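Data from final.cif: mmCIF, C-alpha atoms
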```cif
data_work
loop_
_atom_site.label_atom_id
_atom_site.label_comp_id
_atom_site.auth_asym_id
_atom_site.auth_seq_id
_atom_site.Cartn_x
_atom_site.Cartn_y
_atom_site.Cartn_z
CA MET A 235 13.85 -18.85 47.22
CA ALA A 236 12.51 -21.18 44.55
CA LYS A 237 9.14 -22.84 44.17
CA ILE A 238 9.65 -26.62 44.23
CA LYS A 239 6.96 -28.98 42.94
CA LEU A 240 6.87 -32.22 44.95
CA GLU A 241 4.73 -35.02 43.51
CA TYR A 242 3.89 -37.34 46.41
CA LEU A 243 3.17 -40.89 45.17
CA TRP A 244 1.54 -43.72 47.12
CA LEU A 245 -0.42 -46.94 46.70
CA ASP A 246 -4.13 -47.00 47.45
CA GLY A 247 -6.14 -49.69 49.23
CA TYR A 248 -8.01 -51.17 46.27
CA GLU A 249 -8.15 -54.96 46.02
CA PRO A 250 -7.11 -57.23 44.45
CA THR A 251 -4.81 -54.74 42.67
CA GLN A 252 -3.57 -51.51 44.20
CA ASN A 253 -3.29 -48.33 42.14
CA LEU A 254 -0.88 -45.43 42.17
CA ARG A 255 -2.18 -42.12 43.49
CA SER A 256 -0.39 -38.79 43.54
CA LYS A 257 -0.78 -35.14 44.37
CA THR A 258 1.47 -32.10 44.18
CA LYS A 259 2.79 -30.01 47.03
CA VAL A 260 4.43 -26.70 46.08
CA GLU A 261 6.97 -25.44 48.61
CA GLU A 262 9.48 -22.62 48.73
CA HIS A 263 13.05 -23.75 49.28
CA GLU A 264 16.43 -22.10 49.18
CA ASN A 265 19.13 -24.28 47.59
CA PHE A 266 16.95 -27.40 47.53
CA GLN A 267 19.17 -30.48 47.17
CA GLY A 268 16.51 -33.10 46.48
CA THR A 269 17.05 -35.16 49.65
CA LEU A 270 14.59 -36.96 51.90
CA GLU A 271 15.79 -34.92 54.85
CA GLU A 272 14.35 -31.79 53.23
CA LEU A 273 10.87 -33.30 52.96
CA GLY A 274 8.04 -33.38 55.42
CA ASN A 275 5.26 -35.89 55.87
CA TRP A 276 1.89 -35.17 54.29
CA SER A 277 -1.62 -36.56 54.55
CA PHE A 278 -4.51 -37.53 52.29
CA ASP A 279 -8.16 -38.54 52.42
CA GLY A 280 -8.03 -42.28 52.97
CA SER A 281 -11.79 -42.59 52.62
CA SER A 282 -11.39 -41.81 48.91
CA THR A 283 -8.77 -44.52 48.39
CA ARG A 284 -10.30 -47.36 50.44
CA GLN A 285 -7.77 -46.86 53.21
CA ALA A 286 -9.91 -45.23 55.91
CA GLU A 287 -13.46 -44.49 57.01
CA GLY A 288 -14.99 -41.07 56.48
CA GLY A 289 -15.23 -40.34 60.19
CA SER A 290 -11.47 -40.68 60.61
CA SER A 291 -10.12 -40.34 57.12
CA ASP A 292 -6.60 -38.94 57.44
CA CYS A 293 -3.73 -41.22 56.43
CA SER A 294 -0.09 -40.16 56.55
CA LEU A 295 2.39 -40.08 53.67
CA VAL A 296 5.98 -40.68 54.77
CA PRO A 297 8.57 -40.05 52.02
CA VAL A 298 10.97 -42.97 51.44
CA ALA A 299 12.58 -42.11 48.09
CA ILE A 300 12.97 -39.00 45.94
CA TYR A 301 13.82 -38.64 42.24
CA PRO A 302 14.08 -35.63 39.93
CA ASP A 303 10.93 -35.20 37.85
CA PRO A 304 12.23 -34.86 34.28
CA THR A 305 8.91 -33.45 33.03
CA ARG A 306 8.76 -30.47 35.38
CA ILE A 307 10.87 -27.45 36.16
CA ASN A 308 12.00 -27.70 39.79
CA GLY A 309 10.01 -30.90 40.10
CA TYR A 310 10.59 -34.07 42.13
CA LEU A 311 8.86 -37.43 42.46
CA VAL A 312 8.44 -38.51 46.08
CA MET A 313 7.62 -42.18 46.74
CA CYS A 314 5.83 -42.59 50.04
CA GLU A 315 4.73 -45.25 52.48
CA VAL A 316 1.18 -45.01 53.83
CA MET A 317 0.97 -44.89 57.62
CA ASN A 318 -1.89 -44.91 60.08
CA ALA A 319 -2.53 -41.91 62.31
CA ASP A 320 -0.54 -43.58 65.12
CA GLY A 321 2.53 -43.96 62.91
CA THR A 322 2.22 -47.69 62.27
CA PRO A 323 2.26 -49.03 58.70
CA HIS A 324 -1.13 -49.17 57.03
CA SER A 325 -2.34 -52.66 56.13
CA SER A 326 -1.93 -51.75 52.43
CA ASN A 327 1.75 -50.91 52.94
CA GLY A 328 3.70 -53.79 51.41
CA ARG A 329 7.02 -51.96 51.56
CA ALA A 330 7.00 -52.09 55.36
CA THR A 331 6.95 -55.92 55.26
CA ILE A 332 10.33 -56.25 53.48
CA ASP A 333 13.04 -57.77 55.70
CA ASP A 334 16.14 -56.41 53.98
CA GLU A 335 17.50 -53.61 56.11
CA ASP A 336 21.10 -54.26 55.00
CA ASP A 337 20.19 -54.30 51.27
CA ASP A 338 21.75 -57.75 50.89
CA PHE A 339 19.07 -58.73 48.38
CA TRP A 340 19.38 -57.46 44.82
CA PHE A 341 16.39 -57.51 42.48
CA GLY A 342 16.01 -57.12 38.75
CA PHE A 343 12.38 -56.87 37.63
CA GLU A 344 11.23 -57.39 34.04
CA GLN A 345 8.02 -55.39 33.70
CA GLU A 346 5.80 -56.48 30.80
CA TYR A 347 2.70 -54.51 29.76
CA PHE A 348 0.32 -53.81 26.89
CA ILE A 349 -0.10 -50.35 25.35
CA MET A 350 -3.83 -49.80 24.80
CA ASP A 351 -5.58 -47.29 22.54
CA THR A 352 -8.17 -45.30 24.52
CA LYS A 353 -10.47 -45.05 21.47
CA THR A 354 -10.53 -48.70 20.45
CA GLN A 355 -9.84 -50.20 23.91
CA LEU A 356 -7.50 -52.59 22.09
CA PRO A 357 -3.73 -53.09 22.13
CA LEU A 358 -1.79 -51.06 19.59
CA GLY A 359 -1.73 -52.87 16.25
CA PHE A 360 -5.10 -54.58 16.76
CA PRO A 361 -7.73 -53.68 14.13
CA VAL A 362 -11.27 -53.02 15.32
CA GLY A 363 -13.36 -56.16 14.91
CA GLY A 364 -10.43 -58.43 14.12
CA TYR A 365 -6.94 -59.54 14.96
CA PRO A 366 -3.46 -58.80 13.67
CA ALA A 367 -1.15 -61.51 12.38
CA PRO A 368 -0.42 -64.27 14.92
CA GLN A 369 2.39 -63.68 17.39
CA GLY A 370 5.87 -64.61 16.35
CA MET A 371 7.13 -61.58 14.43
CA TYR A 372 6.48 -58.97 17.14
CA TYR A 373 9.16 -60.04 19.63
CA CYS A 374 12.14 -57.64 19.40
CA SER A 375 10.84 -56.54 16.01
CA VAL A 376 11.71 -53.48 13.99
CA GLY A 377 9.63 -51.68 11.36
CA GLY A 378 6.12 -50.31 11.14
CA LYS A 379 4.50 -53.61 10.19
CA ASN A 380 5.14 -55.34 13.51
CA THR A 381 6.31 -52.63 15.89
CA HIS A 382 3.74 -50.45 17.64
CA GLY A 383 4.27 -47.78 20.29
CA ARG A 384 8.02 -47.31 20.03
CA LYS A 385 7.82 -43.51 20.35
CA LEU A 386 6.15 -43.76 23.75
CA VAL A 387 8.48 -46.54 24.90
CA GLU A 388 11.62 -44.62 23.93
CA GLU A 389 10.36 -41.46 25.64
CA HIS A 390 9.58 -43.45 28.78
CA ALA A 391 13.10 -44.88 28.82
CA ASP A 392 14.57 -41.38 28.55
CA LEU A 393 12.37 -40.12 31.40
CA CYS A 394 13.39 -42.98 33.69
CA ILE A 395 17.08 -42.45 32.99
CA ALA A 396 16.73 -38.70 33.52
CA ALA A 397 15.01 -39.38 36.85
CA GLY A 398 18.02 -41.37 38.03
CA ILE A 399 16.29 -44.75 37.98
CA ASN A 400 18.61 -47.68 37.27
CA PHE A 401 16.84 -48.46 34.00
CA GLU A 402 18.47 -51.39 32.18
CA GLY A 403 16.60 -51.96 28.93
CA ILE A 404 13.49 -52.22 26.78
CA ASN A 405 12.17 -54.60 24.16
CA GLN A 406 8.96 -55.34 22.32
CA GLU A 407 7.45 -58.54 23.64
CA VAL A 408 5.86 -61.58 22.02
CA ALA A 409 2.31 -60.27 21.59
CA CYS A 410 1.26 -57.36 19.38
CA GLY A 411 1.36 -54.07 21.30
CA GLN A 412 3.20 -55.67 24.24
CA TRP A 413 6.46 -54.26 25.63
CA GLU A 414 8.85 -54.74 28.52
CA PHE A 415 11.31 -52.66 30.50
CA GLN A 416 13.90 -53.87 32.98
CA LEU A 417 15.15 -52.32 36.22
CA PHE A 418 17.82 -53.42 38.69
CA ALA A 419 18.53 -52.26 42.24
CA LYS A 420 20.70 -53.30 45.15
CA GLY A 421 18.17 -53.47 47.97
CA ALA A 422 14.63 -54.83 47.77
CA LYS A 423 12.98 -51.62 48.91
CA LYS A 424 14.84 -49.56 46.34
CA ALA A 425 13.89 -52.04 43.61
CA GLY A 426 10.23 -51.67 44.53
CA ASP A 427 10.48 -47.88 44.71
CA GLU A 428 11.95 -47.70 41.24
CA ILE A 429 9.38 -50.02 39.64
CA TRP A 430 6.55 -47.92 41.06
CA VAL A 431 8.12 -44.62 39.99
CA ALA A 432 8.80 -46.05 36.51
CA ARG A 433 5.18 -47.20 36.29
CA TYR A 434 4.06 -43.73 37.33
CA LEU A 435 6.14 -42.09 34.62
CA LEU A 436 4.78 -44.54 32.04
CA ASP A 437 1.17 -44.06 33.07
CA ARG A 438 1.48 -40.28 33.11
CA LEU A 439 3.15 -40.27 29.71
CA THR A 440 0.20 -42.08 28.11
CA GLU A 441 -2.01 -39.07 28.88
CA LYS A 442 -0.53 -37.11 25.97
CA TYR A 443 -0.64 -40.04 23.53
CA GLY A 444 -4.25 -41.10 23.93
CA TYR A 445 -3.11 -44.47 25.28
CA TYR A 446 -3.29 -46.30 28.58
CA ILE A 447 -1.26 -49.13 30.04
CA ASP A 448 -2.87 -52.48 30.82
CA TYR A 449 -0.93 -54.41 33.47
CA HIS A 450 -3.47 -57.26 33.57
CA PRO A 451 -1.57 -60.56 33.17
CA LYS A 452 -3.93 -61.73 30.42
CA PRO A 453 -5.73 -58.67 29.01
CA LEU A 454 -6.76 -60.43 25.79
CA GLY A 455 -8.60 -63.16 27.69
CA LYS A 456 -7.44 -66.41 29.21
CA ASP A 457 -8.47 -68.49 26.20
CA MET A 458 -6.79 -66.35 23.57
CA ASP A 459 -3.61 -67.69 21.96
CA TRP A 460 -1.54 -64.67 22.93
CA ASN A 461 1.18 -64.37 25.54
CA GLY A 462 0.25 -62.86 28.87
CA SER A 463 2.27 -60.28 30.79
CA GLY A 464 4.53 -61.07 33.71
CA MET A 465 7.06 -59.33 35.89
CA HIS A 466 9.85 -61.87 36.21
CA ALA A 467 11.78 -61.35 39.44
CA ASN A 468 15.54 -61.92 39.22
CA PHE A 469 16.99 -62.02 42.73
CA SER A 470 20.16 -62.75 44.64
CA ASN A 471 21.74 -62.39 48.05
CA THR A 472 25.31 -62.93 49.21
CA ALA A 473 24.80 -66.70 49.32
CA LEU A 474 23.55 -66.94 45.73
CA ARG A 475 26.20 -64.53 44.46
CA THR A 476 29.17 -66.23 46.11
CA CYS A 477 28.40 -69.79 47.27
CA GLY A 478 29.77 -71.72 44.29
CA ASP A 479 27.70 -74.70 45.38
CA LYS A 480 25.08 -76.53 43.32
CA GLU A 481 23.54 -77.98 46.48
CA VAL A 482 22.94 -74.52 47.97
CA TYR A 483 21.11 -73.49 44.82
CA ALA A 484 19.02 -76.66 44.95
CA LYS A 485 18.21 -76.12 48.64
CA ILE A 486 17.05 -72.55 48.01
CA CYS A 487 14.93 -73.58 45.02
CA GLU A 488 13.32 -76.41 46.99
CA ALA A 489 12.44 -74.00 49.82
CA PHE A 490 9.91 -72.42 47.43
CA ARG A 491 8.01 -75.67 46.87
CA PRO A 492 6.07 -75.95 50.18
CA VAL A 493 5.09 -72.26 50.13
CA THR A 494 3.90 -72.11 46.52
CA ALA A 495 0.43 -70.92 47.56
CA GLU A 496 1.86 -68.14 49.71
CA HIS A 497 3.87 -66.83 46.77
CA ILE A 498 1.01 -67.03 44.29
CA ALA A 499 -1.18 -65.11 46.76
CA VAL A 500 1.01 -62.01 46.40
CA TYR A 501 2.21 -62.44 42.80
CA GLY A 502 -0.70 -60.55 41.23
CA ALA A 503 -4.43 -60.94 40.63
CA TYR A 504 -5.78 -63.10 37.79
CA ASN A 505 -2.41 -64.79 37.44
CA ASP A 506 -4.21 -68.12 37.02
CA GLN A 507 -5.18 -66.91 33.54
CA ARG A 508 -1.50 -66.52 32.65
CA LEU A 509 0.17 -69.43 34.48
CA THR A 510 -1.33 -72.21 32.38
CA GLY A 511 1.75 -74.18 31.39
CA LYS A 512 1.59 -72.57 27.95
CA HIS A 513 3.14 -69.43 26.47
CA GLU A 514 6.43 -69.82 28.37
CA THR A 515 4.85 -70.34 31.79
CA ALA A 516 4.65 -73.10 34.36
CA SER A 517 1.19 -74.15 35.56
CA ILE A 518 -0.07 -72.31 38.62
CA HIS A 519 -0.90 -75.73 40.10
CA ASP A 520 2.68 -77.00 39.91
CA PHE A 521 6.12 -75.99 41.12
CA SER A 522 9.33 -76.68 39.24
CA TRP A 523 12.85 -75.38 38.83
CA GLY A 524 15.62 -76.05 36.35
CA VAL A 525 18.65 -74.68 34.56
CA SER A 526 17.87 -72.40 31.61
CA ASP A 527 14.25 -73.63 31.51
CA ARG A 528 11.71 -70.88 30.83
CA GLY A 529 8.89 -73.34 31.35
CA CYS A 530 9.80 -73.72 35.03
CA SER A 531 8.52 -71.77 38.01
CA ILE A 532 12.09 -70.80 38.92
CA ARG A 533 14.92 -70.72 36.40
CA ILE A 534 18.60 -71.04 37.25
CA PRO A 535 20.27 -68.89 34.59
CA LEU A 536 22.86 -70.71 32.54
CA ILE A 537 25.40 -67.98 33.21
CA ALA A 538 25.15 -68.66 36.96
CA VAL A 539 25.99 -72.32 36.33
CA GLN A 540 28.86 -71.41 34.01
CA LYS A 541 30.29 -69.21 36.75
CA GLY A 542 30.27 -72.16 39.14
CA TYR A 543 26.89 -71.51 40.77
CA LYS A 544 27.56 -67.88 41.53
CA GLY A 545 24.79 -65.53 40.40
CA TRP A 546 21.06 -65.30 40.83
CA LEU A 547 17.69 -67.00 40.36
CA GLU A 548 14.69 -65.96 38.29
CA ASP A 549 11.17 -66.46 39.61
CA ARG A 550 9.06 -66.41 36.45
CA ARG A 551 5.67 -66.55 38.19
CA PRO A 552 4.99 -62.92 39.27
CA ALA A 553 2.33 -61.23 37.15
CA SER A 554 2.71 -57.86 35.47
CA ASN A 555 0.24 -56.28 37.91
CA GLY A 556 1.99 -57.59 41.04
CA ASP A 557 3.29 -55.31 43.78
CA PRO A 558 7.11 -55.52 43.71
CA TYR A 559 7.23 -54.76 47.43
CA LYS A 560 5.09 -57.76 48.33
CA ILE A 561 6.81 -60.00 45.78
CA ALA A 562 10.25 -59.13 47.13
CA ALA A 563 9.14 -59.53 50.74
CA ARG A 564 7.85 -63.05 50.10
CA ILE A 565 10.94 -64.11 48.12
CA ILE A 566 13.25 -62.85 50.85
CA LYS A 567 11.31 -64.71 53.53
CA THR A 568 11.56 -67.97 51.60
CA VAL A 569 15.24 -67.62 50.76
CA LYS A 570 16.11 -66.84 54.38
CA SER A 571 14.21 -69.93 55.52
CA ALA A 572 16.55 -72.10 53.46
CA LEU A 573 19.81 -70.73 54.89
#
```
Have the structure of the file written as structure tokens, please.
Amino acid sequence: MAKIKLEYLWLDGYEPTQNLRSKTKVEEHENFQGTLEELGNWSFDGSSTRQAEGGSSDCSLVPVAIYPDPTRINGYLVMCEVMNADGTPHSSNGRATIDDEDDDFWFGFEQEYFIMDTKTQLPLGFPVGGYPAPQGMYYCSVGGKNTHGRKLVEEHADLCIAAGINFEGINQEVACGQWEFQLFAKGAKKAGDEIWVARYLLDRLTEKYGYYIDYHPKPLGKDMDWNGSGMHANFSNTALRTCGDKEVYAKICEAFRPVTAEHIAVYGAYNDQRLTGKHETASIHDFSWGVSDRGCSIRIPLIAVQKGYKGWLEDRRPASNGDPYKIAARIIKTVKSAL
């Protein structure tokens, strides 16, 4: 028999932005295979996470995905949905709203973020009481003058890959101390699971560096001439991947126009500070789409056009602090309404 450390992860009920919570269950197992079938449900104090009242505080954790924990011996990361005592999804449970049971929708999320120094409360590379050189040389840079935080970023990439997450890349972003990682998954629920587990690994890693991660879409202030952080959502279904029809692409893109407000409502808090029409964004007050246009709300990638309108679309509006479950659920609903 071996002692297995199971880190149960879930999203709390804080608004407007939910937070990751976790706790460890140690169990004895013989020949543990790391499957969901070997796991039991658990519970937590919902009154401490804004998900229940003190008089009836138990909420249930139902495992939905499991990954090896590369930082622990005999450790696993267990992503969970939060359920009410009667077994129904909790109101904070965005994963339960995704209509993609056949995994027809594929998502690739581009998660941007700032690495912050806990002592200065500033992004890496920012001097106390001043500013670094203007943005321009930080994007995909190399060398100690313009590149800050690479050691953490590289270690995070290794952890994600070791955990079995479909991690696709990293790069330094446009602003000083800003980075991005990319994930891809076949199935909207899996894509959301992997973003949240990757965020967990990143947040936990900062504990040993004296850093923290700021997912706010405009952490340097809405009036500052620095890029904000987004989480561009690249998505496809069978129709987008195979249709070969410009009109189908146009019809799907246009389906987003009348529900712009519904999308913005779940694309992350304070996104109005980022979606200004500047810094490679479309205005939050407008909706637009176009081929290879990073100033549009939705971009049709040039490669999809070159392949005869077979590929995917990129919604550039989601903020870095958005919930990938809710973002995917809303995109799927809109795409299905067009077909």
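CA of Ile300 (chain A) is found 23.9 Å from CA of Asp320 (chain A).
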Applying 9 Å and all atoms listed in the file, which residues near region 540-556 of chain A remain after dropping the ones on its own chain fewer than 3 positions away? List them as a CSV table (one decimal) with C-alpha atoms, in the frame of the given file.
```csv
chain,number,residue,atom,x,y,z
A,251,THR,CA,-4.8,-54.7,42.7
A,252,GLN,CA,-3.6,-51.5,44.2
A,340,TRP,CA,19.4,-57.5,44.8
A,342,GLY,CA,16.0,-57.1,38.8
A,344,GLU,CA,11.2,-57.4,34.0
A,345,GLN,CA,8.0,-55.4,33.7
A,346,GLU,CA,5.8,-56.5,30.8
A,347,TYR,CA,2.7,-54.5,29.8
A,448,ASP,CA,-2.9,-52.5,30.8
A,449,TYR,CA,-0.9,-54.4,33.5
A,450,HIS,CA,-3.5,-57.3,33.6
A,451,PRO,CA,-1.6,-60.6,33.2
A,462,GLY,CA,0.2,-62.9,28.9
A,463,SER,CA,2.3,-60.3,30.8
A,464,GLY,CA,4.5,-61.1,33.7
A,465,MET,CA,7.1,-59.3,35.9
A,466,HIS,CA,9.8,-61.9,36.2
A,467,ALA,CA,11.8,-61.4,39.4
A,468,ASN,CA,15.5,-61.9,39.2
A,469,PHE,CA,17.0,-62.0,42.7
A,470,SER,CA,20.2,-62.8,44.6
A,471,ASN,CA,21.7,-62.4,48.0
A,473,ALA,CA,24.8,-66.7,49.3
A,474,LEU,CA,23.6,-66.9,45.7
A,475,ARG,CA,26.2,-64.5,44.5
A,476,THR,CA,29.2,-66.2,46.1
A,477,CYS,CA,28.4,-69.8,47.3
A,478,GLY,CA,29.8,-71.7,44.3
A,479,ASP,CA,27.7,-74.7,45.4
A,480,LYS,CA,25.1,-76.5,43.3
A,482,VAL,CA,22.9,-74.5,48.0
A,483,TYR,CA,21.1,-73.5,44.8
A,487,CYS,CA,14.9,-73.6,45.0
A,497,HIS,CA,3.9,-66.8,46.8
A,498,ILE,CA,1.0,-67.0,44.3
A,500,VAL,CA,1.0,-62.0,46.4
A,501,TYR,CA,2.2,-62.4,42.8
A,502,GLY,CA,-0.7,-60.6,41.2
A,503,ALA,CA,-4.4,-60.9,40.6
A,504,TYR,CA,-5.8,-63.1,37.8
A,505,ASN,CA,-2.4,-64.8,37.4
A,508,ARG,CA,-1.5,-66.5,32.6
A,509,LEU,CA,0.2,-69.4,34.5
A,515,THR,CA,4.8,-70.3,31.8
A,516,ALA,CA,4.6,-73.1,34.4
A,518,ILE,CA,-0.1,-72.3,38.6
A,528,ARG,CA,11.7,-70.9,30.8
A,529,GLY,CA,8.9,-73.3,31.4
A,530,CYS,CA,9.8,-73.7,35.0
A,531,SER,CA,8.5,-71.8,38.0
A,532,ILE,CA,12.1,-70.8,38.9
A,533,ARG,CA,14.9,-70.7,36.4
A,534,ILE,CA,18.6,-71.0,37.2
A,535,PRO,CA,20.3,-68.9,34.6
A,536,LEU,CA,22.9,-70.7,32.5
A,537,ILE,CA,25.4,-68.0,33.2
A,559,TYR,CA,7.2,-54.8,47.4
A,560,LYS,CA,5.1,-57.8,48.3
A,561,ILE,CA,6.8,-60.0,45.8
A,565,ILE,CA,10.9,-64.1,48.1
```
Can you list what the PyMOL selection byres ((chain A and resi 408) around 9) grabs from this structure, as number ranges by chain?
A: 369-374, 406-407, 409-413, 460-462
Give me a file of those residues, with C-alpha atoms, as a tab-separated table (two decimals), keeping the file's coordinate frame.
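The resulting file, part-v7.tsv, is shown below:
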```
chain	number	residue	atom	x	y	z
A	369	GLN	CA	2.39	-63.68	17.39
A	370	GLY	CA	5.87	-64.61	16.35
A	371	MET	CA	7.13	-61.58	14.43
A	372	TYR	CA	6.48	-58.97	17.14
A	373	TYR	CA	9.16	-60.04	19.63
A	374	CYS	CA	12.14	-57.64	19.40
A	406	GLN	CA	8.96	-55.34	22.32
A	407	GLU	CA	7.45	-58.54	23.64
A	409	ALA	CA	2.31	-60.27	21.59
A	410	CYS	CA	1.26	-57.36	19.38
A	411	GLY	CA	1.36	-54.07	21.30
A	412	GLN	CA	3.20	-55.67	24.24
A	413	TRP	CA	6.46	-54.26	25.63
A	460	TRP	CA	-1.54	-64.67	22.93
A	461	ASN	CA	1.18	-64.37	25.54
A	462	GLY	CA	0.25	-62.86	28.87
```
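With all atoms listed in the file as the atoms that count, the minimum distance from Arg564 (chain A) to the choices A:Glu287, A:Asp303, A:Asp333, A:Glu514 is reached by A:Asp333.
Going from CA of Thr305 (chain A) over to CA of Thr269 (chain A), you cover 18.6 Å.
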Once the PyMOL selection byres ((chain A and resi 286) around 12) has been applied to the shown file, what residues remain in the selection, as a PyMOL selection string?
chain A and resi 246-248+278-285+287-294+316-319+324-326
Around the point (6.7, -76.3, 48.9) in the file's coordinates, collect all residues with an atom within 12 Å, using only C-alpha atoms, and return them as a list in words.
Lys485, Ile486, Cys487, Glu488, Ala489, Phe490, Arg491, Pro492, Val493, Thr494, Ala495, Glu496, His497, Ile498, His519, Asp520, Phe521, Ser522, Trp523, Ser531, Thr568, Ser571 and Ala572 of chain A
Atomic separation - CA of His390 (chain A) relative to CA of Leu436 (chain A), Å
5.9 Å
Using the chain letters and numbering of this document, enumerate as an MDAnalysis selection string the residues selected by the PyMOL selection byres ((chain A and resi 315) around 12).
chainID A and resid 242:246 254:255 275:277 293:299 312:314 316:318 321:331 423 426:427 430 559
Which residues, written as a PyMOL selection string, have at least one atom at most 9 Å from Thr352 (chain A), with all atoms listed in the file counted and residues fewer than 3 positions away on the same chain left out?
chain A and resi 355-356+444-446
Region 521-531 of chain A, all listed atoms, 6 Å padding on each side: what axis-aligned box centre and edge lengths in Å to one decimal come out, as AutoDock Vina command-line options?
```
--center_x 12.4 --center_y -73.8 --center_z 36.0 --size_x 24.5 --size_y 17.8 --size_z 22.3
```
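Among A:Leu240, A:Ala396, A:Leu573, A:Val376, the residue with the shortest atom-to-atom distance to Ala484 (chain A), counting all atoms listed in the file, is A:Leu573.
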Taking into account all atoms listed in the file, which residue in the set A:Gln416, A:Thr258, A:Asn380, A:Thr440 is nearest to Gly403 (chain A)?
A:Gln416
